[in-house]
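Please read the structure below before turning to the comments.
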Amino acid sequence: MNLDAETLVEALRGSARSEGSIIYINGKADERELSYRELWDRASGLLGYLRSKNIESGDELILFVESNEEFVDVFWASLLGGIIAVPLAIGASDVHIRKLVNVFRKLERPSLYSTARNLRRIEKFCISEGLEREFERIRAATVIAAEISDFPFSAEPADVVPGQTAFIQFSSGSTGDPKGVVLTHRNVMTNVRGILHGVKIRETDSSLSWMPMTHDMGIIGFHIAPLVAAAPLYLMPTELFVRRPMLWLQKISEKRATITASPNFGYNHLLRRFSAEAGELDLSCLRLIFNGAEPISAALCREFSRTLAPFGYREESMFPVYGLAEASLAVTFSVPESPLISVKVCRTGLTPGQPVEMAAEADPRGIELVGVGSAIEGCEVMIADSHDQPAANGVVGSILIRGDNVTAGYYREDALNHWVFKEDGWLDTGDLGFMSGEQLFIAGRNKDLIIVNGQNLHPHDLESICESVGDIDLGRVAALGLSTGADGGEALVIFVLFRGELNDFVATVRKVRRVLNAEAGVDAEYVVPVRAIPKTTSGKIQRYLLAEQFLNGEFDSVIKDLDELMAPSSKGATFAEGGIQDILLQICRSVIDDRDIGAGDNLFELGISSLKLAQLHERIEERFPGRIEVSDLFECPSVRELSEFLDRNQGPGN
């Protein structure tokens, strides 16, 4: 264990002397082991390759690669060389390319590390958006990912110091301006020490994760922290979990992993696909399962525990936590291996400056909140009133954090830094909470961040995308994330100013759903017409007023009427038994089981989440192997178009 290391370079050097390793899990019987010693050698060799491309210490390198193995290699090569790593998610939709272009514009001395295939994707997007000159700048600064065997292991690491920037975590931002959280080696190592102390790390611990490596929980909590502990580390691609969530539990059982993680949507996704055919599943090895990254549902935690109890899972393994990128990752941890703590409070009473009002079990105003523990070592937490002074216990206020793990600021954002940083080094997280004894409870967000299926989404981005629809004028749309079900997850709700006949609004609903799927990779569960978009005198949208109206049921009737109007027109059509079109219809109806799908219906207009998109592609791939890619679903969004596409692209699945 390398808890005394002051930089990530020192940490990897120390772990390279251990017996620890990373095991990359790419399928049920597809694995590759890489020792930490081999990782040091690979990163050193790749650093030499980067230097041969004139990328030096202090330069920024955007990491835009698919596999976990490729990502880990270039991430550590950057750290060893003092190069500022900028991890970005690949994704299947244009939202990720748009974000890359926005980030590239923002950086001072950027380069891009990616594949030739991804470069073609970027070129195609830039041409479609009239950004040919932008693409030429990106192409000139691109380093094509190389095979590790292509160069010798010879480069020496740079002289990296603790206060030096290690990497930048950029927020979601498609059409808007993504914000970069700057993290130094000191920030990350301070947080890692707090994490390992908080979980009471043991020599027998091992971690298994499917969290994205471009997410702070993935890269810091479930890569850097286990590496610093020199512990065995198992990494699954996120898309593999999406397609085969049972494999997550099967590998925990097989590898006897003791620590893993998932946000709310992951538990819900697994339970929907859970099979009693779990066989020899044995989860008695599991000591902690982190639950964070989005609001925690006590009901979902209990359902997860009930479902897995027959397989040795202990409910005390659930480990609620709170964190954010600005803290490097972790802020508060629960007590490891202890019962879940929750309280039921009045939803309407979660107002800054007001004492929390407890609710009876049967009170319809009640909402159950899960405690997320107390501050980890190296980080301070304060619930502040409107004057940035400590609020009393049980009073809702702004959550402020301070410590060596906290970022010194956002990348080239002087105005934002001035706003979020308070006196004495406190940073305003934008979240609301209250303390009950030593336990922190999250009460909501001052900021308007929307979290859907683990994705951080900014309403301004989504609203701007919606405004590209011809029927919607600037400032006439509002995006919100609202908790609408027992699983505690958020549904994306889009409110559109509309004063005509409801039947005429159907086309707008379809267009909004289609453009949000294509541009941001998200499903708008509700698109609601409203007579007015409430705003302040300065023109800012008052989203909380729309949220109150929605949760009070004021839109229930219009939503019901819209659902009836949007019933697929091709319902009842018949097709040749066993034909491609019929097979595709069966596949689509099995995945999108809450709607009746017709052959001519645009799947994205009906609403299809990124999870269901991955499942749909998987099932089509099983029936027609090697003949369709995820991107083809965007080009052929209906069953009829997909059928014609497969007819033109004959292959071994025919």
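Lettering and numbering for the structure tokens are positional, with chains as A, B, ... in the shown order, residues counted from 1 in each chain, and ligands counted from 1 in the shown order.
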For this session: Just the residues within 12 Å of Glu69 of chain A, please, counting only C-alpha atoms, with nothing from its chain fewer than 6 positions along; format it as a list in words.
Result: Ile22, Ile23, Tyr24, Ile25, Asn26, Glu31, Arg32, Glu33, Leu34, Leu39, Arg42, Ala43, Phe75, Trp76, Ala145, Glu147, Ile148, Met213, His223, Tyr234, Leu235, Met236 and Pro237 of chain A
Exercise. Can you list, as a PyMOL selection string, every protein, DNA or RNA residue that comes within 12 Å of Arg98 of chain A when you count only C-alpha atoms, leaving out same-chain residues fewer than 4 positions away?
Worked result: chain A and resi 88-94+102-105+121-126+128-129+131+134-135+172-178+461+465+518-520
Exercise. Within 7 Å of Met382 of chain A, counting only C-alpha atoms, which residues qualify if same-chain residues fewer than 6 places away don't, as a PyMOL selection string?
Worked result: chain A and resi 390+399-401
Output file for the selection above: N, CA and C atoms, as a CSV table (one decimal), in the first residue's frame:
chain,number,residue,atom,x,y,z
A,390,PRO,N,-22.5,28.3,9.7
A,390,PRO,CA,-23.0,27.0,10.0
A,390,PRO,C,-24.5,27.0,10.4
A,399,ILE,N,-24.6,22.7,1.0
A,399,ILE,CA,-23.5,21.8,1.4
A,399,ILE,C,-22.2,22.4,0.9
A,400,LEU,N,-21.3,22.8,1.8
A,400,LEU,CA,-20.0,23.4,1.5
A,400,LEU,C,-18.9,22.4,1.9
A,401,ILE,N,-17.8,22.3,1.1
A,401,ILE,CA,-16.7,21.4,1.4
A,401,ILE,C,-15.4,22.1,1.4
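Note that the spacing between atom CA of Leu497 of chain A and atom CA of Arg543 of chain A amounts to 13.4 Å.
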Exercise. Between A:Ala146, A:Val356, A:Val469, A:Val528, which is the closest to Asn393 of chain A once you count only C-alpha atoms?
Worked result: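 Closest to Asn393 of chain A of all the choices is A:Val356.
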Exercise. Could you state the separation of atom CA of Ile341 of chain A and atom CA of His269 of chain A in Å, given to one decimal place?
Worked result: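 So the answer is 23.3 Å.
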Exercise. Atom CA of Phe421 of chain A to atom CA of Gly409 of chain A: how many Å, to one decimal?
Worked result: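 Between atom CA of Phe421 of chain A and atom CA of Gly409 of chain A the gap is 8.3 Å.
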Exercise. Nearest to Ile195 of chain A among A:Cys379, A:Lys53, A:Arg37, A:Met246, with distances taken over only C-alpha atoms: which residue is it?
Worked result: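 Closest residue, counting only C-alpha atoms: A:Cys379.
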Problem set entry | Test item: residues at most 9 Å from Ala257 of chain A, only C-alpha atoms, excluding those fewer than 3 positions along its chain, as a list in words | Asp205, Ser206, Ser207, Leu208, Pro232, Leu233, Tyr234, Lys251, Ile252, Ser253, Glu254, Thr260, Leu283, Cys285, Leu286 and Arg287 of chain A
Please produce an output containing C-alpha atoms for each residue in the selection, written as a tab-separated table (two decimals), in the first residue's frame.
chain	number	residue	atom	x	y	z
A	205	ASP	CA	-9.84	-6.82	-0.41
A	206	SER	CA	-10.28	-6.80	-4.17
A	207	SER	CA	-12.42	-4.51	-6.35
A	208	LEU	CA	-14.63	-5.19	-9.35
A	232	PRO	CA	-6.39	-6.92	-7.23
A	233	LEU	CA	-8.62	-4.93	-9.58
A	234	TYR	CA	-11.21	-6.31	-12.01
A	251	LYS	CA	-17.85	-12.27	-11.85
A	252	ILE	CA	-18.09	-10.98	-8.25
A	253	SER	CA	-18.97	-14.53	-7.23
A	254	GLU	CA	-16.30	-16.14	-9.40
A	260	THR	CA	-17.96	-2.98	-6.02
A	283	LEU	CA	-22.22	-13.19	-3.02
A	285	CYS	CA	-17.70	-12.49	-0.38
A	286	LEU	CA	-19.12	-9.00	-1.03
A	287	ARG	CA	-18.17	-6.66	1.80
Exercise. Hey, what does DSSP flag as strand (DSSP E or B) within segment 242-487 of chain A? Can you give it to me as a ChimeraX atom specification?
Worked result: /A:259-262,288-291,318-323,330-333,342-346,355,358,366-371,374-375,379-384,390,395,397-403,410,421,427-436,439-445,450-452,455-457,477-483
Exercise. DSSP on the backbone: what in segment 118-303 of chain A comes out alpha helix (DSSP H), as a VMD selection string?
Worked result: chain A and resid 118 to 128 132 to 140 185 to 198 216 225 to 228 238 to 243 245 to 255 264 to 273 298 to 303
Problem set entry | For Glu463 of chain A: contacts at 8 Å, only C-alpha atoms, fewer than 2 positions along chain excluded, given as a list in words | Pro459, His460, Asp461, Ile465, Cys466, Glu467, Val477, Ala478 and Ala479 of chain A
Problem set entry | Exercise: segment 325-338 of chain A partners within 6 Å, only C-alpha atoms, chain neighbours under 6 positions left out, as a ChimeraX atom specification | /A:188,216,316-317,372-376,405-407
Keeping only N, CA and C atoms, write the selected residues as a PDB file, in the first residue's frame.
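As written to disk, part_26.pdb reads:
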ATOM      1  N   VAL A 188      -5.941  14.395  -5.618  1.00  0.00           N
ATOM      2  CA  VAL A 188      -6.337  13.004  -5.826  1.00  0.00           C
ATOM      3  C   VAL A 188      -5.759  12.101  -4.739  1.00  0.00           C
ATOM      4  N   ASP A 216     -15.721  10.015 -12.337  1.00  0.00           N
ATOM      5  CA  ASP A 216     -14.832  10.098 -11.187  1.00  0.00           C
ATOM      6  C   ASP A 216     -14.876   8.844 -10.315  1.00  0.00           C
ATOM      7  N   GLU A 316     -26.168  -5.329   4.900  1.00  0.00           N
ATOM      8  CA  GLU A 316     -25.186  -4.391   5.468  1.00  0.00           C
ATOM      9  C   GLU A 316     -24.072  -4.061   4.480  1.00  0.00           C
ATOM     10  N   SER A 317     -24.029  -4.777   3.353  1.00  0.00           N
ATOM     11  CA  SER A 317     -22.998  -4.475   2.348  1.00  0.00           C
ATOM     12  C   SER A 317     -23.291  -3.180   1.608  1.00  0.00           C
ATOM     13  N   VAL A 372     -25.941   9.447   4.164  1.00  0.00           N
ATOM     14  CA  VAL A 372     -24.715   9.145   3.414  1.00  0.00           C
ATOM     15  C   VAL A 372     -23.471   9.303   4.280  1.00  0.00           C
ATOM     16  N   GLY A 373     -23.672   9.246   5.622  1.00  0.00           N
ATOM     17  CA  GLY A 373     -22.529   9.210   6.514  1.00  0.00           C
ATOM     18  C   GLY A 373     -21.961  10.566   6.864  1.00  0.00           C
ATOM     19  N   SER A 374     -20.695  10.551   7.225  1.00  0.00           N
ATOM     20  CA  SER A 374     -20.000  11.764   7.648  1.00  0.00           C
ATOM     21  C   SER A 374     -18.739  11.957   6.828  1.00  0.00           C
ATOM     22  N   ALA A 375     -18.101  13.106   6.995  1.00  0.00           N
ATOM     23  CA  ALA A 375     -16.953  13.483   6.159  1.00  0.00           C
ATOM     24  C   ALA A 375     -15.809  12.480   6.283  1.00  0.00           C
ATOM     25  N   ILE A 376     -15.202  12.161   5.146  1.00  0.00           N
ATOM     26  CA  ILE A 376     -14.050  11.264   5.155  1.00  0.00           C
ATOM     27  C   ILE A 376     -12.813  12.024   5.631  1.00  0.00           C
ATOM     28  N   ASN A 405      -8.348  17.727  -0.772  1.00  0.00           N
ATOM     29  CA  ASN A 405      -8.925  16.951  -1.869  1.00  0.00           C
ATOM     30  C   ASN A 405      -9.777  17.797  -2.804  1.00  0.00           C
ATOM     31  N   VAL A 406     -10.099  19.025  -2.394  1.00  0.00           N
ATOM     32  CA  VAL A 406     -11.013  19.877  -3.150  1.00  0.00           C
ATOM     33  C   VAL A 406     -10.249  20.665  -4.216  1.00  0.00           C
ATOM     34  N   THR A 407     -10.817  20.683  -5.415  1.00  0.00           N
ATOM     35  CA  THR A 407     -10.193  21.402  -6.524  1.00  0.00           C
ATOM     36  C   THR A 407      -9.912  22.859  -6.169  1.00  0.00           C
TER      37      THR A 407
END
